[in-house]
Structure formats: structure tokens, C-alpha cells
Amino acid sequence: MAGPYAGDLTPQQAWDLVASDERALLVDVRTEAEWQQIGVPDAADTGGRAAFVQWLTPVGPNPTFLDELAATGLEPGDGRPVVFLCRSGVRSVAAAQAATAAGYGPAYNVLRGFEGDVGPDGHRGHWGWRAEGLPWRQA
């Protein structure tokens with residue numbers, strides 16, 4: 001184990017894991033506003049194995065994060081791979097750490113997230129899930 005969670009995956013590695021392992025679940029931890037404005041991963045080709053659980057809410061940390069994670073069908077100790085995705089790969093690290101501490105996983109972080117850090121032009125979208133051409137859709 002690489003630290004307090006199972007490790008980091010590139011967006012392509014994350015998609016490959018979710019697409020090939022019927023037990024794996026992709027969990028997008030961005031805010032509802034981000035899902036609506038920017039789009040979401042499209043897991044239709046995996047039988048819909050994606051969940052949307054905010055790590056942060058408009059007023060701060062989501063106090064029901066672990067309860068909402070459990071509501072996806074995950075159970076502590078079940079050994080199901082959980083792949084966490086956020087905008088740039090920061091909140092998803094915290095989510096993977098919290099999930100690991102609660103007994104979920106192995107829990108992984110998606111490097112560079114859904115749209116990556118701000119590029120030299122001051123905009124996002126140069127790196128990450130969408131930039132790599134992985135399945136996504138408008139929410």
C-alpha cells in the first residue's frame with residue numbers, strides 16, 4: 001500500500017480498472033455544481049458503476065460522506081476497488097484516505113482528476129479525464 005490509501009492511477013488506468021473489474025466503483029467527489037456545469041464521467045459502458053458523493057458541500061466538509069458512500073452498496077472490508085475522482089486530484093486523495101481509514105477499498109485516487117490544474121493559459125481542461133478522451137457526458 002502506498003501511504004494511507006492504495007495509490008494513484010492515471011485517468012486511463014482508472015477507467016481500465018472500472019471497465020474490467022465488475023466489483024470496482026468510480027466515485028466522483030466533486031460538488032453538485034461541478035457535475036452540472038462541467039460534466040461527469042459516463043459509466044454506461046460499465047453497467048453504470050459510478051456514484052456521485054460530494055466530498056465538500058457549499059458550507060464545508062460533507063458530514064455524511066461515509067454514510068453516502070455506504071449507500072452506494074460498498075461495505076467496509078468487502079475488498080471492492082473504489083476509484084475516487086475530483087476536479088484536479090486533490091479532494092479525491094482526501095476521500096481515498098477517509099475511505100481507507102473506514103475500511104473501504106482498496107481506494108485509489110485519479111491523478112489530475114476530471115479536468116486537471118489550471119494550464120499556462122489560465123484555464124482548466126488540458127489534463128485529466130476529459131482531456132484524455134475518456135467517456136463523459138453533461139449531467
# chains A, B, ... in the order shown; residues from 1 in each chain; ligands from 1

$ select_by_dssp --residues "stretch 46-139 of chain A" --states "strand (DSSP E or B)" --output "PyMOL selection string"
chain A and resi 50-52+56-57+60-61+82-85+107-110+136-137

$ write_last_selection --atoms "all heavy atoms" --output "compact mmCIF listing (two decimals), in the first residue's frame"
# COMPACT_ATOMS: atom_id res chain seq x y z
N ALA A 50 -20.77 3.94 -11.41
CA ALA A 50 -20.28 5.24 -10.96
C ALA A 50 -21.25 5.80 -9.94
O ALA A 50 -22.46 5.56 -10.03
CB ALA A 50 -20.13 6.21 -12.13
N ALA A 51 -20.70 6.50 -8.98
CA ALA A 51 -21.52 7.12 -7.94
C ALA A 51 -21.05 8.57 -7.78
O ALA A 51 -19.93 8.91 -8.14
CB ALA A 51 -21.37 6.36 -6.62
N PHE A 52 -21.93 9.38 -7.24
CA PHE A 52 -21.65 10.79 -7.07
C PHE A 52 -21.89 11.15 -5.61
O PHE A 52 -23.03 11.16 -5.16
CB PHE A 52 -22.52 11.62 -8.02
CG PHE A 52 -22.27 11.22 -9.46
CD1 PHE A 52 -23.05 10.24 -10.06
CD2 PHE A 52 -21.23 11.78 -10.16
CE1 PHE A 52 -22.80 9.83 -11.36
CE2 PHE A 52 -20.97 11.38 -11.47
CZ PHE A 52 -21.75 10.41 -12.06
N LEU A 56 -17.02 17.81 -0.46
CA LEU A 56 -17.31 19.10 0.15
C LEU A 56 -18.70 19.54 -0.27
O LEU A 56 -19.13 19.24 -1.38
CB LEU A 56 -16.31 20.16 -0.31
CG LEU A 56 -14.85 19.97 0.07
CD1 LEU A 56 -13.99 21.05 -0.58
CD2 LEU A 56 -14.69 20.00 1.59
N THR A 57 -19.36 20.25 0.59
CA THR A 57 -20.65 20.86 0.26
C THR A 57 -20.42 22.37 0.20
O THR A 57 -19.34 22.85 0.56
CB THR A 57 -21.71 20.54 1.33
OG1 THR A 57 -21.34 21.19 2.54
CG2 THR A 57 -21.84 19.03 1.56
N GLY A 60 -18.95 23.48 3.52
CA GLY A 60 -17.78 22.84 4.12
C GLY A 60 -17.78 21.34 3.90
O GLY A 60 -18.51 20.82 3.05
N PRO A 61 -16.96 20.63 4.68
CA PRO A 61 -16.87 19.17 4.52
C PRO A 61 -18.23 18.50 4.65
O PRO A 61 -19.07 18.92 5.44
CB PRO A 61 -15.94 18.75 5.66
CG PRO A 61 -15.14 19.98 5.96
CD PRO A 61 -16.06 21.14 5.70
N VAL A 82 -12.31 0.98 -5.11
CA VAL A 82 -13.04 2.24 -5.20
C VAL A 82 -12.08 3.27 -5.77
O VAL A 82 -10.99 3.48 -5.24
CB VAL A 82 -13.55 2.71 -3.82
CG1 VAL A 82 -14.46 3.91 -3.97
CG2 VAL A 82 -14.25 1.59 -3.09
N VAL A 83 -12.50 3.91 -6.85
CA VAL A 83 -11.67 4.87 -7.55
C VAL A 83 -12.30 6.25 -7.37
O VAL A 83 -13.43 6.48 -7.82
CB VAL A 83 -11.57 4.51 -9.05
CG1 VAL A 83 -10.75 5.54 -9.80
CG2 VAL A 83 -11.01 3.10 -9.23
N PHE A 84 -11.59 7.14 -6.69
CA PHE A 84 -12.11 8.47 -6.39
C PHE A 84 -11.59 9.50 -7.39
O PHE A 84 -10.41 9.54 -7.70
CB PHE A 84 -11.73 8.89 -4.97
CG PHE A 84 -12.44 8.09 -3.92
CD1 PHE A 84 -11.84 7.01 -3.32
CD2 PHE A 84 -13.73 8.43 -3.54
CE1 PHE A 84 -12.49 6.26 -2.35
CE2 PHE A 84 -14.40 7.69 -2.58
CZ PHE A 84 -13.78 6.61 -1.98
N LEU A 85 -12.51 10.34 -7.86
CA LEU A 85 -12.23 11.36 -8.87
C LEU A 85 -12.74 12.70 -8.40
O LEU A 85 -13.87 12.80 -7.90
CB LEU A 85 -12.94 10.97 -10.17
CG LEU A 85 -12.90 11.95 -11.34
CD1 LEU A 85 -11.53 11.91 -12.01
CD2 LEU A 85 -13.98 11.59 -12.35
N ALA A 107 -8.74 1.75 -2.04
CA ALA A 107 -9.21 3.04 -2.53
C ALA A 107 -8.09 3.73 -3.29
O ALA A 107 -6.96 3.80 -2.83
CB ALA A 107 -9.66 3.91 -1.36
N TYR A 108 -8.44 4.24 -4.47
CA TYR A 108 -7.47 4.88 -5.35
C TYR A 108 -7.88 6.32 -5.65
O TYR A 108 -9.06 6.65 -5.63
CB TYR A 108 -7.40 4.13 -6.69
CG TYR A 108 -6.95 2.71 -6.57
CD1 TYR A 108 -7.88 1.68 -6.45
CD2 TYR A 108 -5.60 2.38 -6.58
CE1 TYR A 108 -7.47 0.36 -6.33
CE2 TYR A 108 -5.18 1.06 -6.46
CZ TYR A 108 -6.12 0.06 -6.34
OH TYR A 108 -5.72 -1.25 -6.22
N ASN A 109 -6.89 7.12 -6.00
CA ASN A 109 -7.07 8.50 -6.43
C ASN A 109 -6.77 8.57 -7.92
O ASN A 109 -5.82 7.96 -8.40
CB ASN A 109 -6.08 9.40 -5.67
CG ASN A 109 -5.97 10.77 -6.28
OD1 ASN A 109 -6.95 11.48 -6.42
ND2 ASN A 109 -4.75 11.14 -6.68
N VAL A 110 -7.57 9.36 -8.65
CA VAL A 110 -7.31 9.60 -10.07
C VAL A 110 -6.45 10.86 -10.20
O VAL A 110 -6.90 11.95 -9.85
CB VAL A 110 -8.60 9.74 -10.89
CG1 VAL A 110 -8.28 10.02 -12.35
CG2 VAL A 110 -9.46 8.49 -10.77
N TRP A 136 -17.48 10.70 -20.99
CA TRP A 136 -18.10 11.67 -20.11
C TRP A 136 -19.34 12.22 -20.79
O TRP A 136 -19.55 12.02 -21.99
CB TRP A 136 -17.11 12.79 -19.74
CG TRP A 136 -16.80 13.74 -20.83
CD1 TRP A 136 -15.93 13.55 -21.86
CD2 TRP A 136 -17.38 15.03 -21.05
NE1 TRP A 136 -15.92 14.63 -22.70
CE2 TRP A 136 -16.80 15.57 -22.22
CE3 TRP A 136 -18.34 15.78 -20.37
CZ2 TRP A 136 -17.16 16.81 -22.72
CZ3 TRP A 136 -18.67 17.03 -20.86
CH2 TRP A 136 -18.09 17.53 -22.02
N ARG A 137 -20.15 12.89 -19.98
CA ARG A 137 -21.40 13.45 -20.50
C ARG A 137 -21.77 14.66 -19.67
O ARG A 137 -21.28 14.83 -18.56
CB ARG A 137 -22.52 12.42 -20.47
CG ARG A 137 -22.86 11.95 -19.06
CD ARG A 137 -24.00 10.95 -19.02
NE ARG A 137 -24.18 10.39 -17.68
CZ ARG A 137 -24.78 11.00 -16.68
NH1 ARG A 137 -25.29 12.21 -16.82
NH2 ARG A 137 -24.90 10.42 -15.50

$ atom_distance --atom1 "atom CA of A:Gln97" --atom2 "atom CA of A:His123"
28.2 Å

$ residues_around --residues "stretch 6-8 of chain A" --least-positions-apart "2" --cutoff "9 Å" --atoms "only C-alpha atoms" --output "MDAnalysis selection string"
chainID A and resid 1:4 10 14 93 96:97 100 105:111

$ write_last_selection --atoms "all heavy atoms" --output "JSON list (two decimals), in the first residue's frame"
[["chain", "number", "residue", "atom", "x", "y", "z"],
["A", 1, "MET", "N", 0.85, -1.19, 0.00],
["A", 1, "MET", "CA", 0.00, 0.00, 0.00],
["A", 1, "MET", "C", 0.89, 1.24, 0.00],
["A", 1, "MET", "O", 1.83, 1.34, 0.78],
["A", 1, "MET", "CB", -0.93, -0.04, 1.22],
["A", 1, "MET", "CG", -1.93, 1.08, 1.24],
["A", 1, "MET", "SD", -2.99, 0.97, 2.70],
["A", 1, "MET", "CE", -4.43, 0.30, 1.97],
["A", 2, "ALA", "N", 0.60, 2.18, -0.87],
["A", 2, "ALA", "CA", 1.39, 3.40, -0.99],
["A", 2, "ALA", "C", 0.78, 4.49, -0.12],
["A", 2, "ALA", "O", 0.03, 5.32, -0.59],
["A", 2, "ALA", "CB", 1.46, 3.83, -2.45],
["A", 3, "GLY", "N", 1.11, 4.50, 1.16],
["A", 3, "GLY", "CA", 0.56, 5.52, 2.04],
["A", 3, "GLY", "C", -0.80, 5.12, 2.59],
["A", 3, "GLY", "O", -1.15, 3.94, 2.63],
["A", 4, "PRO", "N", -1.59, 6.13, 3.01],
["A", 4, "PRO", "CA", -2.86, 5.84, 3.68],
["A", 4, "PRO", "C", -4.01, 5.48, 2.73],
["A", 4, "PRO", "O", -5.16, 5.51, 3.12],
["A", 4, "PRO", "CB", -3.14, 7.12, 4.44],
["A", 4, "PRO", "CG", -2.45, 8.19, 3.66],
["A", 4, "PRO", "CD", -1.24, 7.53, 3.05],
["A", 10, "THR", "N", -3.59, 6.89, -13.24],
["A", 10, "THR", "CA", -3.86, 7.86, -14.29],
["A", 10, "THR", "C", -5.34, 7.73, -14.65],
["A", 10, "THR", "O", -5.98, 6.71, -14.34],
["A", 10, "THR", "CB", -3.03, 7.58, -15.55],
["A", 10, "THR", "OG1", -3.45, 6.32, -16.11],
["A", 10, "THR", "CG2", -1.53, 7.57, -15.23],
["A", 14, "ALA", "N", -7.54, 4.28, -14.31],
["A", 14, "ALA", "CA", -8.78, 4.26, -13.54],
["A", 14, "ALA", "C", -9.92, 3.71, -14.38],
["A", 14, "ALA", "O", -10.68, 2.84, -13.93],
["A", 14, "ALA", "CB", -9.11, 5.67, -13.04],
["A", 93, "VAL", "N", -7.85, 12.55, -3.13],
["A", 93, "VAL", "CA", -6.86, 11.95, -2.22],
["A", 93, "VAL", "C", -7.46, 11.90, -0.81],
["A", 93, "VAL", "O", -7.41, 10.87, -0.13],
["A", 93, "VAL", "CB", -5.53, 12.73, -2.22],
["A", 93, "VAL", "CG1", -4.63, 12.29, -1.06],
["A", 93, "VAL", "CG2", -4.79, 12.54, -3.53],
["A", 96, "ALA", "N", -10.09, 9.23, -0.66],
["A", 96, "ALA", "CA", -9.49, 7.89, -0.65],
["A", 96, "ALA", "C", -8.90, 7.58, 0.73],
["A", 96, "ALA", "O", -9.03, 6.45, 1.23],
["A", 96, "ALA", "CB", -8.42, 7.78, -1.73],
["A", 97, "GLN", "N", -8.29, 8.56, 1.35],
["A", 97, "GLN", "CA", -7.74, 8.37, 2.70],
["A", 97, "GLN", "C", -8.86, 8.10, 3.71],
["A", 97, "GLN", "O", -8.74, 7.19, 4.54],
["A", 97, "GLN", "CB", -6.92, 9.59, 3.12],
["A", 97, "GLN", "CG", -5.64, 9.72, 2.34],
["A", 97, "GLN", "CD", -4.92, 11.04, 2.60],
["A", 97, "GLN", "OE1", -5.51, 12.02, 3.06],
["A", 97, "GLN", "NE2", -3.63, 11.06, 2.30],
["A", 100, "THR", "N", -10.31, 4.62, 3.10],
["A", 100, "THR", "CA", -9.38, 3.59, 3.56],
["A", 100, "THR", "C", -9.44, 3.47, 5.08],
["A", 100, "THR", "O", -9.52, 2.37, 5.62],
["A", 100, "THR", "CB", -7.95, 3.91, 3.10],
["A", 100, "THR", "OG1", -7.92, 3.90, 1.67],
["A", 100, "THR", "CG2", -6.95, 2.90, 3.63],
["A", 105, "GLY", "N", -12.37, -0.25, 0.27],
["A", 105, "GLY", "CA", -11.32, -0.32, -0.74],
["A", 105, "GLY", "C", -10.67, -1.66, -0.87],
["A", 105, "GLY", "O", -11.15, -2.63, -0.30],
["A", 106, "PRO", "N", -9.64, -1.68, -1.70],
["A", 106, "PRO", "CA", -8.62, -0.66, -1.88],
["A", 106, "PRO", "C", -9.17, 0.59, -2.56],
["A", 106, "PRO", "O", -9.97, 0.52, -3.47],
["A", 106, "PRO", "CB", -7.57, -1.34, -2.77],
["A", 106, "PRO", "CG", -8.33, -2.41, -3.50],
["A", 106, "PRO", "CD", -9.42, -2.85, -2.57],
["A", 107, "ALA", "N", -8.74, 1.75, -2.04],
["A", 107, "ALA", "CA", -9.21, 3.04, -2.53],
["A", 107, "ALA", "C", -8.09, 3.73, -3.29],
["A", 107, "ALA", "O", -6.96, 3.80, -2.83],
["A", 107, "ALA", "CB", -9.66, 3.91, -1.36],
["A", 108, "TYR", "N", -8.44, 4.24, -4.47],
["A", 108, "TYR", "CA", -7.47, 4.88, -5.35],
["A", 108, "TYR", "C", -7.88, 6.32, -5.65],
["A", 108, "TYR", "O", -9.06, 6.65, -5.63],
["A", 108, "TYR", "CB", -7.40, 4.13, -6.69],
["A", 108, "TYR", "CG", -6.95, 2.71, -6.57],
["A", 108, "TYR", "CD1", -7.88, 1.68, -6.45],
["A", 108, "TYR", "CD2", -5.60, 2.38, -6.58],
["A", 108, "TYR", "CE1", -7.47, 0.36, -6.33],
["A", 108, "TYR", "CE2", -5.18, 1.06, -6.46],
["A", 108, "TYR", "CZ", -6.12, 0.06, -6.34],
["A", 108, "TYR", "OH", -5.72, -1.25, -6.22],
["A", 109, "ASN", "N", -6.89, 7.12, -6.00],
["A", 109, "ASN", "CA", -7.07, 8.50, -6.43],
["A", 109, "ASN", "C", -6.77, 8.57, -7.92],
["A", 109, "ASN", "O", -5.82, 7.96, -8.40],
["A", 109, "ASN", "CB", -6.08, 9.40, -5.67],
["A", 109, "ASN", "CG", -5.97, 10.77, -6.28],
["A", 109, "ASN", "OD1", -6.95, 11.48, -6.42],
["A", 109, "ASN", "ND2", -4.75, 11.14, -6.68],
["A", 110, "VAL", "N", -7.57, 9.36, -8.65],
["A", 110, "VAL", "CA", -7.31, 9.60, -10.07],
["A", 110, "VAL", "C", -6.45, 10.86, -10.20],
["A", 110, "VAL", "O", -6.90, 11.95, -9.85],
["A", 110, "VAL", "CB", -8.60, 9.74, -10.89],
["A", 110, "VAL", "CG1", -8.28, 10.02, -12.35],
["A", 110, "VAL", "CG2", -9.46, 8.49, -10.77],
["A", 111, "LEU", "N", -5.23, 10.67, -10.70],
["A", 111, "LEU", "CA", -4.32, 11.79, -10.91],
["A", 111, "LEU", "C", -4.92, 12.81, -11.88],
["A", 111, "LEU", "O", -5.52, 12.43, -12.89],
["A", 111, "LEU", "CB", -2.99, 11.29, -11.47],
["A", 111, "LEU", "CG", -2.16, 10.42, -10.53],
["A", 111, "LEU", "CD1", -1.03, 9.75, -11.30],
["A", 111, "LEU", "CD2", -1.62, 11.25, -9.38]]

$ closest_residue --among "A:Ala94, A:Val27, A:Val40, A:Leu69" --to "A:Leu134" --atoms "only C-alpha atoms"
A:Val40

$ atom_distance --atom1 "atom CA of A:Thr72" --atom2 "atom CA of A:Tyr5"
19.4 Å

$ closest_residue --among "A:Asp78, A:Gly39, A:Ala99, A:Glu32" --to "A:Phe65" --atoms "only C-alpha atoms"
A:Ala99

$ closest_residue --among "A:Val118, A:Leu74, A:Leu9, A:Ala139" --to "A:Arg23" --atoms "only C-alpha atoms"
A:Leu74

$ closest_residue --among "A:Val90, A:Val18, A:Ala131, A:Val53" --to "A:Glu68" --atoms "only C-alpha atoms"
A:Val53
